[in-house]
$ cat protein_1.cif   # mmCIF, N, CA, C and O atoms
data_target
#
loop_
_atom_site.label_atom_id
_atom_site.label_comp_id
_atom_site.auth_asym_id
_atom_site.auth_seq_id
_atom_site.Cartn_x
_atom_site.Cartn_y
_atom_site.Cartn_z
N SER Y 33 117.86 110.49 81.59
CA SER Y 33 118.70 110.26 82.76
C SER Y 33 120.16 110.17 82.34
O SER Y 33 120.47 109.95 81.18
N VAL Y 34 121.02 110.35 83.31
CA VAL Y 34 122.46 110.31 83.07
C VAL Y 34 123.13 109.58 84.23
O VAL Y 34 122.63 109.60 85.35
N THR Y 35 124.23 108.91 83.95
CA THR Y 35 125.00 108.24 85.00
C THR Y 35 126.15 109.13 85.42
O THR Y 35 126.86 109.67 84.58
N PHE Y 36 126.31 109.29 86.73
CA PHE Y 36 127.36 110.12 87.29
C PHE Y 36 128.20 109.26 88.23
O PHE Y 36 127.64 108.50 89.02
N ILE Y 37 129.52 109.40 88.15
CA ILE Y 37 130.41 108.64 89.04
C ILE Y 37 130.87 109.56 90.17
O ILE Y 37 131.58 110.53 89.94
N LYS Y 38 130.43 109.26 91.38
CA LYS Y 38 130.81 110.03 92.57
C LYS Y 38 132.11 109.42 93.10
O LYS Y 38 132.18 108.23 93.38
N LYS Y 39 133.14 110.25 93.24
CA LYS Y 39 134.48 109.75 93.57
C LYS Y 39 134.74 109.59 95.06
O LYS Y 39 135.61 108.84 95.46
N GLN Y 40 133.98 110.33 95.89
CA GLN Y 40 134.20 110.27 97.34
C GLN Y 40 132.87 110.03 98.05
O GLN Y 40 131.83 110.49 97.60
N GLY Y 41 132.93 109.37 99.19
CA GLY Y 41 131.72 109.04 99.92
C GLY Y 41 131.18 110.16 100.78
O GLY Y 41 130.00 110.18 101.11
N HIS Y 42 132.02 111.12 101.18
CA HIS Y 42 131.61 112.15 102.14
C HIS Y 42 131.14 113.45 101.47
O HIS Y 42 130.89 114.44 102.15
N THR Y 43 131.00 113.45 100.16
CA THR Y 43 130.62 114.66 99.43
C THR Y 43 129.13 114.65 99.08
O THR Y 43 128.44 113.66 99.26
N GLY Y 44 128.66 115.78 98.55
CA GLY Y 44 127.29 115.88 98.07
C GLY Y 44 127.28 116.14 96.58
O GLY Y 44 128.34 116.24 95.94
N LEU Y 45 126.10 116.24 96.02
CA LEU Y 45 125.94 116.54 94.60
C LEU Y 45 125.24 117.87 94.43
O LEU Y 45 124.22 118.13 95.06
N ARG Y 46 125.82 118.72 93.60
CA ARG Y 46 125.18 119.98 93.21
C ARG Y 46 124.53 119.71 91.87
O ARG Y 46 125.19 119.34 90.90
N LEU Y 47 123.21 119.88 91.79
CA LEU Y 47 122.44 119.57 90.59
C LEU Y 47 121.84 120.83 90.01
O LEU Y 47 121.24 121.63 90.74
N LEU Y 48 122.00 121.02 88.71
CA LEU Y 48 121.46 122.18 88.03
C LEU Y 48 120.81 121.73 86.73
O LEU Y 48 121.42 121.00 85.95
N TYR Y 49 119.57 122.14 86.52
CA TYR Y 49 118.86 121.87 85.27
C TYR Y 49 118.28 123.18 84.78
O TYR Y 49 117.61 123.90 85.53
N SER Y 50 118.52 123.51 83.53
CA SER Y 50 118.01 124.73 82.93
C SER Y 50 117.23 124.35 81.67
O SER Y 50 117.73 123.60 80.83
N SER Y 51 116.02 124.89 81.56
CA SER Y 51 115.18 124.56 80.41
C SER Y 51 114.00 125.52 80.32
O SER Y 51 113.71 126.26 81.26
N ASP Y 52 113.32 125.48 79.21
CA ASP Y 52 112.04 126.13 79.04
C ASP Y 52 110.99 125.15 79.60
O ASP Y 52 111.00 123.98 79.23
N ILE Y 53 110.14 125.61 80.51
CA ILE Y 53 109.11 124.72 81.05
C ILE Y 53 107.73 125.30 80.80
O ILE Y 53 107.57 126.50 80.56
N ARG Y 54 106.73 124.43 80.87
CA ARG Y 54 105.36 124.89 80.68
C ARG Y 54 104.42 123.92 81.38
O ARG Y 54 104.67 122.73 81.49
N GLU Y 55 103.32 124.47 81.85
CA GLU Y 55 102.22 123.69 82.42
C GLU Y 55 100.96 124.20 81.74
O GLU Y 55 100.72 125.39 81.68
N TYR Y 56 100.16 123.28 81.21
CA TYR Y 56 99.01 123.70 80.40
C TYR Y 56 97.77 122.87 80.74
O TYR Y 56 97.84 121.65 80.78
N THR Y 57 96.68 123.53 80.97
CA THR Y 57 95.34 122.96 81.19
C THR Y 57 95.22 122.07 82.42
O THR Y 57 94.32 121.26 82.50
N ASP Y 58 96.08 122.20 83.37
CA ASP Y 58 95.97 121.38 84.57
C ASP Y 58 95.83 122.31 85.76
O ASP Y 58 96.73 123.05 86.10
N THR Y 59 94.69 122.30 86.42
CA THR Y 59 94.46 123.23 87.52
C THR Y 59 95.33 122.93 88.73
O THR Y 59 95.52 123.79 89.57
N TRP Y 60 95.87 121.73 88.84
CA TRP Y 60 96.75 121.38 89.96
C TRP Y 60 98.11 122.05 89.80
O TRP Y 60 98.74 122.45 90.76
N GLY Y 61 98.62 122.13 88.60
CA GLY Y 61 99.96 122.66 88.35
C GLY Y 61 100.92 121.53 88.01
O GLY Y 61 100.53 120.38 87.87
N ALA Y 62 102.18 121.89 87.90
CA ALA Y 62 103.21 120.90 87.57
C ALA Y 62 104.39 121.07 88.51
O ALA Y 62 104.65 122.16 89.02
N ARG Y 63 105.11 119.99 88.72
CA ARG Y 63 106.27 119.99 89.62
C ARG Y 63 107.41 119.25 88.94
O ARG Y 63 107.26 118.11 88.51
N TRP Y 64 108.57 119.91 88.83
CA TRP Y 64 109.79 119.32 88.30
C TRP Y 64 110.70 119.02 89.48
O TRP Y 64 110.86 119.85 90.38
N PHE Y 65 111.35 117.85 89.48
CA PHE Y 65 112.25 117.49 90.59
C PHE Y 65 113.28 116.46 90.14
O PHE Y 65 113.11 115.78 89.13
N PHE Y 66 114.36 116.36 90.91
CA PHE Y 66 115.44 115.42 90.64
C PHE Y 66 115.19 114.10 91.35
O PHE Y 66 114.65 114.07 92.47
N LYS Y 67 115.63 113.02 90.71
CA LYS Y 67 115.72 111.72 91.38
C LYS Y 67 117.15 111.21 91.22
O LYS Y 67 117.76 111.38 90.16
N ILE Y 68 117.65 110.61 92.29
CA ILE Y 68 118.97 110.00 92.28
C ILE Y 68 118.76 108.52 92.59
O ILE Y 68 118.21 108.18 93.65
N ASP Y 69 119.15 107.67 91.66
CA ASP Y 69 118.93 106.23 91.79
C ASP Y 69 117.47 105.91 92.09
O ASP Y 69 117.15 105.05 92.91
N GLY Y 70 116.57 106.64 91.46
CA GLY Y 70 115.14 106.38 91.59
C GLY Y 70 114.48 106.96 92.82
O GLY Y 70 113.29 106.77 93.04
N GLN Y 71 115.24 107.71 93.64
CA GLN Y 71 114.70 108.30 94.87
C GLN Y 71 114.84 109.81 94.84
O GLN Y 71 115.86 110.33 94.40
N GLU Y 72 113.85 110.50 95.35
CA GLU Y 72 113.90 111.96 95.41
C GLU Y 72 114.87 112.41 96.50
O GLU Y 72 114.98 111.79 97.55
N CYS Y 73 115.57 113.50 96.24
CA CYS Y 73 116.48 114.07 97.23
C CYS Y 73 115.71 114.47 98.49
O CYS Y 73 114.63 115.03 98.40
N LYS Y 74 116.28 114.19 99.67
CA LYS Y 74 115.63 114.53 100.95
C LYS Y 74 116.50 115.42 101.84
O LYS Y 74 115.99 116.16 102.66
N VAL Y 75 117.82 115.31 101.72
CA VAL Y 75 118.73 116.05 102.60
C VAL Y 75 119.68 116.87 101.73
O VAL Y 75 120.31 116.32 100.85
N PRO Y 76 119.82 118.18 101.95
CA PRO Y 76 119.21 118.92 103.04
C PRO Y 76 117.72 119.19 102.85
O PRO Y 76 117.01 119.48 103.83
N SER Y 77 117.20 119.11 101.62
CA SER Y 77 115.76 119.27 101.38
C SER Y 77 115.44 118.80 99.96
O SER Y 77 116.35 118.49 99.18
N LYS Y 78 114.16 118.76 99.63
CA LYS Y 78 113.77 118.45 98.26
C LYS Y 78 114.28 119.55 97.33
O LYS Y 78 114.42 120.70 97.74
N ILE Y 79 114.55 119.17 96.10
CA ILE Y 79 114.94 120.14 95.07
C ILE Y 79 113.82 120.09 94.04
O ILE Y 79 113.71 119.12 93.29
N ASP Y 80 112.98 121.11 94.02
CA ASP Y 80 111.87 121.08 93.08
C ASP Y 80 111.48 122.47 92.62
O ASP Y 80 111.91 123.47 93.18
N LEU Y 81 110.67 122.50 91.59
CA LEU Y 81 110.17 123.72 90.99
C LEU Y 81 108.71 123.47 90.66
O LEU Y 81 108.37 122.45 90.07
N ARG Y 82 107.83 124.39 91.05
CA ARG Y 82 106.40 124.24 90.81
C ARG Y 82 105.88 125.40 89.98
O ARG Y 82 106.29 126.54 90.18
N VAL Y 83 104.97 125.09 89.07
CA VAL Y 83 104.33 126.10 88.24
C VAL Y 83 102.83 125.86 88.30
O VAL Y 83 102.36 124.73 88.12
N HIS Y 84 102.08 126.94 88.55
CA HIS Y 84 100.62 126.87 88.59
C HIS Y 84 100.05 127.93 87.64
O HIS Y 84 100.48 129.07 87.66
N HIS Y 85 99.10 127.53 86.82
CA HIS Y 85 98.42 128.44 85.90
C HIS Y 85 96.94 128.13 85.92
O HIS Y 85 96.53 127.01 86.22
N SER Y 86 96.14 129.10 85.53
CA SER Y 86 94.73 128.82 85.33
C SER Y 86 94.57 128.14 83.97
O SER Y 86 95.47 128.16 83.13
N ARG Y 87 93.44 127.56 83.74
CA ARG Y 87 93.20 126.82 82.49
C ARG Y 87 93.43 127.69 81.25
O ARG Y 87 93.21 128.88 81.26
N ASN Y 88 93.92 127.02 80.20
CA ASN Y 88 94.10 127.59 78.87
C ASN Y 88 95.19 128.65 78.77
O ASN Y 88 95.24 129.39 77.81
N ASN Y 89 96.04 128.76 79.76
CA ASN Y 89 97.25 129.57 79.62
C ASN Y 89 98.35 128.67 79.08
O ASN Y 89 98.49 127.54 79.51
N ASN Y 90 99.13 129.18 78.16
CA ASN Y 90 100.17 128.38 77.53
C ASN Y 90 101.49 129.14 77.59
O ASN Y 90 102.07 129.48 76.57
N PHE Y 91 101.94 129.43 78.79
CA PHE Y 91 103.18 130.18 78.99
C PHE Y 91 104.37 129.24 78.98
O PHE Y 91 104.36 128.20 79.65
N HIS Y 92 105.41 129.62 78.27
CA HIS Y 92 106.68 128.90 78.27
C HIS Y 92 107.65 129.74 79.09
O HIS Y 92 107.92 130.89 78.74
N LEU Y 93 108.19 129.18 80.16
CA LEU Y 93 108.99 129.95 81.11
C LEU Y 93 110.43 129.45 81.14
O LEU Y 93 110.66 128.26 81.41
N PRO Y 94 111.42 130.32 80.90
CA PRO Y 94 112.80 129.90 81.11
C PRO Y 94 113.00 129.70 82.61
O PRO Y 94 112.63 130.55 83.41
N SER Y 95 113.54 128.55 82.99
CA SER Y 95 113.62 128.21 84.42
C SER Y 95 114.91 127.48 84.75
O SER Y 95 115.53 126.85 83.90
N VAL Y 96 115.26 127.56 86.04
CA VAL Y 96 116.43 126.86 86.57
C VAL Y 96 116.01 126.09 87.81
O VAL Y 96 115.35 126.62 88.69
N LEU Y 97 116.39 124.83 87.86
CA LEU Y 97 116.19 123.97 89.02
C LEU Y 97 117.58 123.70 89.58
O LEU Y 97 118.42 123.13 88.89
N LEU Y 98 117.84 124.15 90.82
CA LEU Y 98 119.20 124.11 91.37
C LEU Y 98 119.15 123.73 92.84
O LEU Y 98 118.32 124.24 93.59
N GLY Y 99 120.06 122.86 93.26
CA GLY Y 99 120.16 122.51 94.67
C GLY Y 99 121.29 121.53 94.93
O GLY Y 99 121.94 121.05 94.02
N THR Y 100 121.48 121.26 96.22
CA THR Y 100 122.50 120.32 96.67
C THR Y 100 121.81 119.14 97.35
O THR Y 100 120.85 119.33 98.09
N CYS Y 101 122.30 117.94 97.10
CA CYS Y 101 121.72 116.75 97.70
C CYS Y 101 122.82 115.88 98.30
O CYS Y 101 123.84 115.62 97.65
N THR Y 102 122.60 115.46 99.55
CA THR Y 102 123.54 114.53 100.20
C THR Y 102 122.90 113.19 100.52
O THR Y 102 123.60 112.22 100.78
N ALA Y 103 121.53 113.14 100.53
CA ALA Y 103 120.86 111.88 100.86
C ALA Y 103 119.46 111.83 100.27
O ALA Y 103 118.81 112.86 100.09
N THR Y 104 119.00 110.61 99.98
CA THR Y 104 117.63 110.35 99.55
C THR Y 104 116.94 109.54 100.65
O THR Y 104 117.54 109.28 101.70
N SER Y 105 115.72 109.10 100.41
CA SER Y 105 115.04 108.28 101.40
C SER Y 105 115.75 106.94 101.60
O SER Y 105 115.56 106.27 102.61
N SER Y 106 116.61 106.56 100.66
CA SER Y 106 117.39 105.32 100.79
C SER Y 106 118.66 105.52 101.61
O SER Y 106 119.37 104.56 101.90
N GLY Y 107 118.98 106.77 101.95
CA GLY Y 107 120.17 107.05 102.75
C GLY Y 107 121.17 107.94 102.04
O GLY Y 107 120.89 108.52 101.00
N HIS Y 108 122.37 108.03 102.63
CA HIS Y 108 123.45 108.87 102.11
C HIS Y 108 123.84 108.42 100.70
O HIS Y 108 123.86 107.23 100.41
N ILE Y 109 124.17 109.38 99.86
CA ILE Y 109 124.62 109.08 98.50
C ILE Y 109 126.10 108.75 98.56
O ILE Y 109 126.93 109.63 98.76
N GLY Y 110 126.43 107.50 98.46
CA GLY Y 110 127.81 107.05 98.62
C GLY Y 110 128.63 107.15 97.35
O GLY Y 110 128.18 107.60 96.30
N LYS Y 111 129.85 106.69 97.46
CA LYS Y 111 130.79 106.65 96.35
C LYS Y 111 130.30 105.66 95.30
O LYS Y 111 129.69 104.65 95.62
N GLY Y 112 130.53 105.97 94.02
CA GLY Y 112 130.18 105.04 92.95
C GLY Y 112 129.28 105.62 91.89
O GLY Y 112 129.10 106.82 91.80
N HIS Y 113 128.70 104.73 91.08
CA HIS Y 113 127.84 105.13 89.96
C HIS Y 113 126.43 105.43 90.46
O HIS Y 113 125.85 104.65 91.22
N HIS Y 114 125.88 106.55 89.99
CA HIS Y 114 124.53 106.95 90.37
C HIS Y 114 123.78 107.44 89.13
O HIS Y 114 124.36 108.12 88.28
N THR Y 115 122.50 107.13 89.04
CA THR Y 115 121.66 107.58 87.95
C THR Y 115 120.90 108.82 88.39
O THR Y 115 120.19 108.78 89.40
N ILE Y 116 121.07 109.91 87.66
CA ILE Y 116 120.41 111.18 87.95
C ILE Y 116 119.35 111.41 86.88
O ILE Y 116 119.64 111.30 85.69
N SER Y 117 118.14 111.76 87.30
CA SER Y 117 117.07 112.02 86.33
C SER Y 117 116.19 113.17 86.81
O SER Y 117 116.15 113.49 87.98
N ILE Y 118 115.48 113.75 85.86
CA ILE Y 118 114.55 114.84 86.13
C ILE Y 118 113.15 114.31 85.86
O ILE Y 118 112.90 113.70 84.82
N HIS Y 119 112.25 114.54 86.79
CA HIS Y 119 110.88 114.04 86.66
C HIS Y 119 109.90 115.20 86.67
O HIS Y 119 110.15 116.23 87.28
N ILE Y 120 108.76 114.99 86.01
CA ILE Y 120 107.68 115.97 86.00
C ILE Y 120 106.45 115.28 86.59
O ILE Y 120 106.03 114.22 86.11
N GLN Y 121 105.92 115.88 87.62
CA GLN Y 121 104.70 115.36 88.26
C GLN Y 121 103.58 116.32 87.93
O GLN Y 121 103.55 117.45 88.43
N SER Y 122 102.67 115.90 87.07
CA SER Y 122 101.53 116.75 86.71
C SER Y 122 100.65 116.04 85.71
O SER Y 122 100.99 114.97 85.21
N GLY Y 123 99.57 116.70 85.36
CA GLY Y 123 98.73 116.20 84.28
C GLY Y 123 99.24 116.65 82.93
O GLY Y 123 99.02 116.00 81.94
N ASN Y 124 99.98 117.80 82.88
CA ASN Y 124 100.36 118.33 81.57
C ASN Y 124 101.56 119.28 81.68
O ASN Y 124 101.48 120.42 81.25
N GLY Y 125 102.66 118.83 82.24
CA GLY Y 125 103.88 119.63 82.31
C GLY Y 125 104.88 119.18 81.27
O GLY Y 125 105.00 117.98 80.99
N PHE Y 126 105.59 120.12 80.68
CA PHE Y 126 106.56 119.82 79.63
C PHE Y 126 107.80 120.68 79.84
O PHE Y 126 107.74 121.73 80.47
N SER Y 127 108.91 120.25 79.25
CA SER Y 127 110.12 121.08 79.26
C SER Y 127 110.87 120.91 77.95
O SER Y 127 110.69 119.93 77.24
N GLY Y 128 111.69 121.91 77.62
CA GLY Y 128 112.55 121.82 76.45
C GLY Y 128 111.93 122.21 75.13
O GLY Y 128 112.47 121.88 74.08
N TYR Y 129 110.83 122.94 75.14
CA TYR Y 129 110.18 123.32 73.89
C TYR Y 129 110.97 124.40 73.16
O TYR Y 129 111.14 125.50 73.67
N ARG Y 130 111.49 124.06 71.99
CA ARG Y 130 112.24 125.00 71.14
C ARG Y 130 113.31 125.76 71.92
O ARG Y 130 113.46 126.98 71.79
N SER Y 131 114.01 125.06 72.77
CA SER Y 131 115.06 125.70 73.57
C SER Y 131 116.18 124.71 73.84
O SER Y 131 116.02 123.50 73.66
N THR Y 132 117.29 125.23 74.27
CA THR Y 132 118.40 124.39 74.69
C THR Y 132 118.23 124.11 76.18
O THR Y 132 118.04 125.03 76.97
N SER Y 133 118.28 122.86 76.55
CA SER Y 133 118.21 122.46 77.95
C SER Y 133 119.55 121.83 78.34
O SER Y 133 120.22 121.25 77.50
N PHE Y 134 119.92 121.98 79.61
CA PHE Y 134 121.13 121.30 80.05
C PHE Y 134 121.02 120.88 81.50
O PHE Y 134 120.26 121.43 82.29
N LEU Y 135 121.79 119.84 81.82
CA LEU Y 135 121.89 119.30 83.16
C LEU Y 135 123.36 119.34 83.55
O LEU Y 135 124.22 118.88 82.80
N GLU Y 136 123.64 119.92 84.72
CA GLU Y 136 125.02 119.99 85.23
C GLU Y 136 125.05 119.31 86.59
O GLU Y 136 124.21 119.57 87.44
N ILE Y 137 126.01 118.42 86.78
CA ILE Y 137 126.18 117.71 88.04
C ILE Y 137 127.62 117.89 88.50
O ILE Y 137 128.55 117.66 87.73
N LYS Y 138 127.78 118.33 89.75
CA LYS Y 138 129.11 118.49 90.31
C LYS Y 138 129.16 117.81 91.68
O LYS Y 138 128.22 117.90 92.46
N GLU Y 139 130.28 117.18 91.94
CA GLU Y 139 130.52 116.63 93.28
C GLU Y 139 131.16 117.74 94.11
O GLU Y 139 132.15 118.34 93.70
N ILE Y 140 130.58 118.04 95.28
CA ILE Y 140 131.06 119.16 96.08
C ILE Y 140 131.24 118.75 97.55
O ILE Y 140 130.58 117.83 98.03
N CYS Y 141 132.13 119.47 98.24
CA CYS Y 141 132.27 119.30 99.68
C CYS Y 141 131.07 119.95 100.34
O CYS Y 141 130.67 121.05 99.97
N THR Y 142 130.49 119.28 101.32
CA THR Y 142 129.31 119.82 101.99
C THR Y 142 129.59 120.27 103.42
O THR Y 142 128.74 120.83 104.05
N LYS Y 143 130.80 119.99 103.93
CA LYS Y 143 131.21 120.40 105.27
C LYS Y 143 132.62 120.93 105.20
O LYS Y 143 133.30 120.81 104.19
N ASN Y 144 133.09 121.51 106.26
CA ASN Y 144 134.49 121.97 106.32
C ASN Y 144 135.39 120.75 106.39
O ASN Y 144 135.52 120.11 107.42
N GLN Y 145 136.00 120.41 105.26
CA GLN Y 145 136.84 119.22 105.18
C GLN Y 145 138.24 119.57 104.78
O GLN Y 145 138.47 120.46 104.05
#

$ encode --input "protein_1.cif" --output "structure tokens"
Amino acid sequence: SVTFIKKQGHTGLRLLYSSDIREYTDTWGARWFFKIDGQECKVPSKIDLRVHHSRNNNFHLPSVLLGTCTATSSGHIGKGHHTISIHIQSGNGFSGYRSTSFLEIKEICTKNQ
């Protein structure tokens, strides 16, 4: 996780994560997503990436998780310090295997201001 300081209350966050991802031996698949202050992004929508494979496939996929977030289930993302993290929901999802991964966070205008 990383701490980000949002300077204005009326802006949103543009979140970008790039990494090698993999899902192995789990018939359900894997889901990567962002959390802001422990809550998943809800507005304008969830930001997630899903991978499904049949058993015993071991594919490593270069992937990008990208989106804009203005609110979580706790409400609008206001001015101040916020903790941004990437979560994996699965039985066997991984990221960053023998690759460079990065997270980019930008504060952006979300309306005509």

$ closest_residue --input "protein_1.cif" --among "Y:Phe66, Y:Tyr49, Y:Arg54, Y:Thr142" --to "Ile116 in chain Y" --atoms "all atoms listed in the file"
Y:Phe66

$ closest_residue --input "protein_1.cif" --among "Y:Ser50, Y:Ser77, Y:Gln40, Y:Ser117" --to "Glu139 in chain Y" --atoms "all atoms listed in the file"
Y:Gln40

$ closest_residue --input "protein_1.cif" --among "Y:Ile53, Y:Ala62, Y:Leu81, Y:Ile120" --to "Leu97 in chain Y" --atoms "all atoms listed in the file"
Y:Leu81

$ resolve_selection --input "protein_1.cif" --expression "the PyMOL selection byres ((chain Y and resi 74) around 8)" --output "MDAnalysis selection string"
chainID Y and resid 66 71:73 75:79 100:107

$ resolve_selection --input "protein_1.cif" --expression "the PyMOL selection byres ((chain Y and resi 46) around 7)" --output "list in words"
Gly44, Leu45, Leu47, Leu48, Leu98, Gly99, Thr100, Cys101, Glu136, Ile137, Lys138, Glu139 and Ile140 of chain Y

$ axis_aligned_box --input "protein_1.cif" --around "range 111-124 of chain Y" --padding-each-side "4 Å" --output "AutoDock Vina command-line options"
--center_x 114.8 --center_y 112.5 --center_z 89.4 --size_x 40.1 --size_y 23.8 --size_z 24.2

$ resolve_selection --input "protein_1.cif" --expression "the PyMOL selection byres ((chain Y and resi 122) around 6)" --output "list in words"
Gly61, Ala62, Arg63, Ile120, Gln121, Gly123, Asn124 and Gly125 of chain Y

$ decode --input "protein_1.cif" --residues "range 100-108 of chain Y" --atoms "all heavy atoms" --output "PDB file, in the first residue's frame"
ATOM      1  N   THR Y 100     -10.683   5.476 -12.873  1.00  0.00           N
ATOM      2  CA  THR Y 100     -10.854   6.704 -12.097  1.00  0.00           C
ATOM      3  C   THR Y 100     -11.825   6.429 -10.962  1.00  0.00           C
ATOM      4  O   THR Y 100     -12.823   5.742 -11.152  1.00  0.00           O
ATOM      5  CB  THR Y 100     -11.409   7.829 -12.983  1.00  0.00           C
ATOM      6  OG1 THR Y 100     -10.476   8.075 -14.037  1.00  0.00           O
ATOM      7  CG2 THR Y 100     -11.611   9.107 -12.193  1.00  0.00           C
ATOM      8  N   CYS Y 101     -11.542   6.966  -9.792  1.00  0.00           N
ATOM      9  CA  CYS Y 101     -12.402   6.772  -8.633  1.00  0.00           C
ATOM     10  C   CYS Y 101     -12.683   8.112  -7.963  1.00  0.00           C
ATOM     11  O   CYS Y 101     -11.759   8.896  -7.715  1.00  0.00           O
ATOM     12  CB  CYS Y 101     -11.743   5.821  -7.639  1.00  0.00           C
ATOM     13  SG  CYS Y 101     -12.828   5.334  -6.289  1.00  0.00           S
ATOM     14  N   THR Y 102     -13.965   8.356  -7.683  1.00  0.00           N
ATOM     15  CA  THR Y 102     -14.350   9.566  -6.944  1.00  0.00           C
ATOM     16  C   THR Y 102     -14.993   9.247  -5.603  1.00  0.00           C
ATOM     17  O   THR Y 102     -15.086  10.110  -4.747  1.00  0.00           O
ATOM     18  CB  THR Y 102     -15.311  10.439  -7.770  1.00  0.00           C
ATOM     19  OG1 THR Y 102     -16.465   9.677  -8.110  1.00  0.00           O
ATOM     20  CG2 THR Y 102     -14.638  10.956  -9.033  1.00  0.00           C
ATOM     21  N   ALA Y 103     -15.457   7.974  -5.424  1.00  0.00           N
ATOM     22  CA  ALA Y 103     -16.106   7.613  -4.157  1.00  0.00           C
ATOM     23  C   ALA Y 103     -16.026   6.118  -3.908  1.00  0.00           C
ATOM     24  O   ALA Y 103     -15.979   5.314  -4.835  1.00  0.00           O
ATOM     25  CB  ALA Y 103     -17.567   8.056  -4.169  1.00  0.00           C
ATOM     26  N   THR Y 104     -16.022   5.752  -2.617  1.00  0.00           N
ATOM     27  CA  THR Y 104     -16.095   4.365  -2.179  1.00  0.00           C
ATOM     28  C   THR Y 104     -17.433   4.178  -1.461  1.00  0.00           C
ATOM     29  O   THR Y 104     -18.241   5.107  -1.398  1.00  0.00           O
ATOM     30  CB  THR Y 104     -14.940   4.033  -1.210  1.00  0.00           C
ATOM     31  OG1 THR Y 104     -15.117   4.787  -0.016  1.00  0.00           O
ATOM     32  CG2 THR Y 104     -13.584   4.339  -1.830  1.00  0.00           C
ATOM     33  N   SER Y 105     -17.655   3.016  -0.881  1.00  0.00           N
ATOM     34  CA  SER Y 105     -18.894   2.804  -0.130  1.00  0.00           C
ATOM     35  C   SER Y 105     -18.966   3.711   1.098  1.00  0.00           C
ATOM     36  O   SER Y 105     -20.039   3.947   1.638  1.00  0.00           O
ATOM     37  CB  SER Y 105     -19.027   1.338   0.276  1.00  0.00           C
ATOM     38  OG  SER Y 105     -17.929   0.955   1.048  1.00  0.00           O
ATOM     39  N   SER Y 106     -17.830   4.262   1.518  1.00  0.00           N
ATOM     40  CA  SER Y 106     -17.803   5.203   2.643  1.00  0.00           C
ATOM     41  C   SER Y 106     -18.136   6.629   2.222  1.00  0.00           C
ATOM     42  O   SER Y 106     -18.259   7.513   3.062  1.00  0.00           O
ATOM     43  CB  SER Y 106     -16.430   5.185   3.309  1.00  0.00           C
ATOM     44  OG  SER Y 106     -16.168   3.916   3.834  1.00  0.00           O
ATOM     45  N   GLY Y 107     -18.231   6.874   0.911  1.00  0.00           N
ATOM     46  CA  GLY Y 107     -18.560   8.213   0.426  1.00  0.00           C
ATOM     47  C   GLY Y 107     -17.476   8.807  -0.453  1.00  0.00           C
ATOM     48  O   GLY Y 107     -16.536   8.127  -0.868  1.00  0.00           O
ATOM     49  N   HIS Y 108     -17.617  10.110  -0.731  1.00  0.00           N
ATOM     50  CA  HIS Y 108     -16.691  10.841  -1.598  1.00  0.00           C
ATOM     51  C   HIS Y 108     -15.286  10.818  -1.009  1.00  0.00           C
ATOM     52  O   HIS Y 108     -15.112  10.894   0.206  1.00  0.00           O
ATOM     53  CB  HIS Y 108     -17.176  12.285  -1.756  1.00  0.00           C
ATOM     54  CG  HIS Y 108     -16.290  13.106  -2.635  1.00  0.00           C
ATOM     55  ND1 HIS Y 108     -16.291  12.970  -4.012  1.00  0.00           N
ATOM     56  CD2 HIS Y 108     -15.356  14.043  -2.343  1.00  0.00           C
ATOM     57  CE1 HIS Y 108     -15.399  13.802  -4.527  1.00  0.00           C
ATOM     58  NE2 HIS Y 108     -14.821  14.457  -3.533  1.00  0.00           N
TER      59      HIS Y 108
END
